[in-house]
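*Asks:* Before I ask anything, let me first share the structure, which is written out below as structure tokens.
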Amino acid sequence: MRHHPAYSGPTDTGTTTGGLGLDDELTSAVEPIPQELLKKYIVYAKQNIHPKMHDMDQDKIAKMYSQLRQESLVTGSLPITIRHIESMIRMAQAHAKMHLREHVSEDDVNMAIRMMLESFVDTQKYSVMKQMKQTFQKYLSFKKDTTELLYYILRQMTLDQLMYIRGVHGVVVDAVEIHEKDFKEKARQINIYDLRPFYESKLFKTNHYTYDKNKEKIIQRVPAVAAE
């Protein structure tokens, strides 16, 4: 966020090898809310909106807790705790309050689950993180647009390829190539079949990706700072 105290302009944080971050891409066309209006909105929500949860919503969160706990035991990951459940409930209520709703909706619960999962999964070691992202993909993809989903998939494929090259061959490369057929297969798993808009997106291009139609390959030029 531009007005966050920690903001210091564009950085490589949140991207694979530099370029435009997801937040920059997805909010670039959104008109910022004036600060004074935002302050009044927040004050009103805090004072007047107190969302309540239904038993069904709490059951959904409890089920997610059970799934995560089981997955943690299988993968040997960091354990899930009751505090994670409490955090999900608070986030669901906060999301409802942000939309001035008196009751927590299913969307609020799903968004809370997604936010908690993203935070929890990203704290795991790489092999566990990869497995968990596959297992909970339907939750992690909630309300993400096509461009963001495809970029996430391509970024993971690029990282895997880069780690393979460095691990097996022990060399630093200035470009990574991904076969389009492999990318298409993963895109089809989330019911995305037309990749052309993604190839033309700012997110794709600014992160140093190009599409070679003749070779049917996606190429990412790795900046020197990331290749070292």
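Labels for the structure tokens follow display order: chains A, B, ..., residues from 1 in each chain, ligands from 1.
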Could you give me the residues within chain A that DSSP places in alpha helix (DSSP H), as JSON, numbers by chain?

*Replies:* {"A": [22, 23, 24, 25, 26, 27, 35, 36, 37, 38, 39, 40, 41, 42, 43, 44, 45, 46, 47, 48, 55, 56, 57, 58, 59, 60, 61, 62, 63, 64, 65, 66, 67, 68, 69, 70, 71, 72, 73, 74, 75, 82, 83, 84, 85, 86, 87, 88, 89, 90, 91, 92, 93, 94, 95, 96, 97, 98, 106, 107, 108, 109, 110, 111, 112, 113, 114, 115, 116, 117, 118, 119, 120, 121, 126, 127, 128, 129, 130, 131, 132, 133, 134, 135, 137, 138, 139, 140, 146, 147, 148, 149, 150, 151, 152, 153, 154, 155, 156, 157, 158, 159, 160, 161, 162, 163, 164, 165, 166, 167, 168, 169, 180, 181, 182, 183, 184, 185, 186, 187, 188, 196, 197, 198, 199, 202, 203, 204, 205, 206, 224, 225, 226, 227]}

*Asks:* Next, the residues of the selection above should be written as a tab-separated table (two decimals), in the first residue's frame with C-alpha atoms.

*Replies:*
```tsv
chain	number	residue	atom	x	y	z
A	22	LEU	CA	0.77	-9.04	-7.76
A	23	ASP	CA	-0.60	-6.18	-5.68
A	24	ASP	CA	0.74	-3.59	-8.13
A	25	GLU	CA	-0.78	-5.38	-11.12
A	26	LEU	CA	-4.16	-6.06	-9.56
A	27	THR	CA	-4.69	-2.62	-8.04
A	35	GLN	CA	-7.77	9.30	3.19
A	36	GLU	CA	-10.44	11.29	5.02
A	37	LEU	CA	-13.25	9.18	3.56
A	38	LEU	CA	-11.37	6.01	4.44
A	39	LYS	CA	-10.95	7.17	8.04
A	40	LYS	CA	-14.68	7.89	8.36
A	41	TYR	CA	-15.53	4.51	6.81
A	42	ILE	CA	-13.31	2.67	9.30
A	43	VAL	CA	-14.70	4.58	12.28
A	44	TYR	CA	-18.28	3.88	11.18
A	45	ALA	CA	-17.57	0.17	10.70
A	46	LYS	CA	-15.90	-0.14	14.11
A	47	GLN	CA	-18.70	1.63	15.95
A	48	ASN	CA	-21.77	0.29	14.16
A	55	ASP	CA	-22.96	-22.41	13.23
A	56	MET	CA	-22.50	-23.55	9.62
A	57	ASP	CA	-19.61	-21.10	9.15
A	58	GLN	CA	-17.94	-22.27	12.35
A	59	ASP	CA	-18.34	-25.89	11.22
A	60	LYS	CA	-16.58	-25.06	7.94
A	61	ILE	CA	-13.65	-23.53	9.80
A	62	ALA	CA	-13.51	-26.52	12.15
A	63	LYS	CA	-13.42	-28.86	9.15
A	64	MET	CA	-10.57	-26.86	7.63
A	65	TYR	CA	-8.70	-27.12	10.94
A	66	SER	CA	-9.13	-30.90	10.88
A	67	GLN	CA	-7.85	-31.11	7.29
A	68	LEU	CA	-4.84	-28.94	8.06
A	69	ARG	CA	-4.03	-30.92	11.19
A	70	GLN	CA	-4.14	-34.17	9.23
A	71	GLU	CA	-1.96	-32.73	6.46
A	72	SER	CA	0.52	-31.46	9.05
A	73	LEU	CA	0.87	-34.96	10.48
A	74	VAL	CA	1.36	-36.50	7.03
A	75	THR	CA	3.95	-33.98	5.81
A	82	ILE	CA	-6.23	-23.50	18.02
A	83	ARG	CA	-4.89	-19.98	17.62
A	84	HIS	CA	-5.08	-20.42	13.85
A	85	ILE	CA	-8.81	-21.16	14.22
A	86	GLU	CA	-9.32	-18.10	16.37
A	87	SER	CA	-7.48	-16.03	13.77
A	88	MET	CA	-9.71	-17.35	10.98
A	89	ILE	CA	-12.84	-16.44	12.91
A	90	ARG	CA	-11.57	-12.92	13.59
A	91	MET	CA	-10.54	-12.45	9.96
A	92	ALA	CA	-13.95	-13.63	8.73
A	93	GLN	CA	-15.66	-11.15	11.03
A	94	ALA	CA	-13.26	-8.38	10.02
A	95	HIS	CA	-13.91	-9.08	6.33
A	96	ALA	CA	-17.66	-8.89	6.93
A	97	LYS	CA	-17.24	-5.67	8.90
A	98	MET	CA	-15.18	-4.17	6.08
A	106	GLU	CA	-19.66	-17.76	3.15
A	107	ASP	CA	-17.43	-15.43	1.14
A	108	ASP	CA	-16.10	-13.94	4.37
A	109	VAL	CA	-15.26	-17.40	5.70
A	110	ASN	CA	-13.64	-18.48	2.43
A	111	MET	CA	-11.51	-15.34	2.32
A	112	ALA	CA	-10.42	-15.86	5.93
A	113	ILE	CA	-9.48	-19.46	5.15
A	114	ARG	CA	-7.50	-18.33	2.11
A	115	MET	CA	-5.59	-15.65	4.05
A	116	MET	CA	-4.76	-17.98	6.92
A	117	LEU	CA	-3.69	-20.76	4.54
A	118	GLU	CA	-1.45	-18.44	2.54
A	119	SER	CA	0.29	-17.32	5.72
A	120	PHE	CA	0.54	-20.82	7.22
A	121	VAL	CA	1.70	-22.58	4.05
A	126	TYR	CA	9.80	-25.78	0.34
A	127	SER	CA	8.85	-29.45	-0.20
A	128	VAL	CA	6.00	-29.24	2.32
A	129	MET	CA	4.86	-25.87	1.01
A	130	LYS	CA	4.61	-27.25	-2.52
A	131	GLN	CA	2.57	-30.26	-1.38
A	132	MET	CA	0.22	-28.15	0.73
A	133	LYS	CA	-0.39	-25.67	-2.08
A	134	GLN	CA	-1.49	-28.55	-4.29
A	135	THR	CA	-3.69	-30.07	-1.58
A	137	GLN	CA	-5.45	-25.23	-4.14
A	138	LYS	CA	-9.23	-24.74	-4.23
A	139	TYR	CA	-9.07	-22.68	-1.04
A	140	LEU	CA	-5.96	-20.74	-2.05
A	146	THR	CA	-7.29	-15.67	-13.99
A	147	THR	CA	-4.13	-13.61	-14.42
A	148	GLU	CA	-3.12	-14.00	-10.80
A	149	LEU	CA	-3.78	-17.75	-10.81
A	150	LEU	CA	-1.78	-18.32	-13.98
A	151	TYR	CA	1.09	-16.19	-12.74
A	152	TYR	CA	1.19	-18.16	-9.50
A	153	ILE	CA	1.35	-21.45	-11.45
A	154	LEU	CA	4.02	-20.18	-13.85
A	155	ARG	CA	6.09	-18.75	-11.00
A	156	GLN	CA	6.08	-22.16	-9.26
A	157	MET	CA	7.09	-23.92	-12.47
A	158	THR	CA	9.90	-21.42	-13.02
A	159	LEU	CA	11.19	-21.86	-9.48
A	160	ASP	CA	11.12	-25.65	-9.82
A	161	GLN	CA	13.04	-25.49	-13.11
A	162	LEU	CA	15.58	-23.04	-11.72
A	163	MET	CA	16.22	-25.18	-8.64
A	164	TYR	CA	16.57	-28.30	-10.81
A	165	ILE	CA	19.16	-26.65	-13.07
A	166	ARG	CA	21.17	-25.34	-10.15
A	167	GLY	CA	20.92	-28.59	-8.19
A	168	VAL	CA	21.76	-31.01	-11.00
A	169	HIS	CA	24.12	-28.96	-13.16
A	180	GLU	CA	3.90	-24.47	-23.02
A	181	LYS	CA	2.24	-27.89	-23.08
A	182	ASP	CA	3.18	-28.39	-19.40
A	183	PHE	CA	1.82	-24.95	-18.50
A	184	LYS	CA	-1.38	-25.61	-20.45
A	185	GLU	CA	-1.90	-28.87	-18.60
A	186	LYS	CA	-1.71	-27.15	-15.23
A	187	ALA	CA	-3.99	-24.35	-16.44
A	188	ARG	CA	-6.58	-26.90	-17.56
A	196	ARG	CA	-3.43	-15.54	-24.82
A	197	PRO	CA	-4.74	-12.78	-22.50
A	198	PHE	CA	-2.22	-13.86	-19.88
A	199	TYR	CA	0.66	-13.68	-22.36
A	202	LYS	CA	1.41	-6.51	-17.71
A	203	LEU	CA	2.12	-9.03	-14.95
A	204	PHE	CA	3.53	-11.53	-17.46
A	205	LYS	CA	5.68	-9.04	-19.34
A	206	THR	CA	7.00	-6.99	-16.44
A	224	ALA	CA	21.61	-10.68	-12.68
A	225	VAL	CA	20.64	-10.00	-9.05
A	226	ALA	CA	18.41	-13.11	-9.04
A	227	ALA	CA	20.79	-15.32	-10.99
```

*Asks:* Name the closest residue to A:Tyr209 among the candidates A:Ile178, A:Val173, A:Ile190, A:Val104; distances are taken between atoms, counting only C-alpha atoms.

*Replies:*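 Of all the options, A:Ile178 lies closest to A:Tyr209.
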
*Asks:* Can you tell me, as a PyMOL selection string, which residues in stretch 58-204 of chain A count as strand (DSSP E) by DSSP?

*Replies:* chain A and resi 175-179
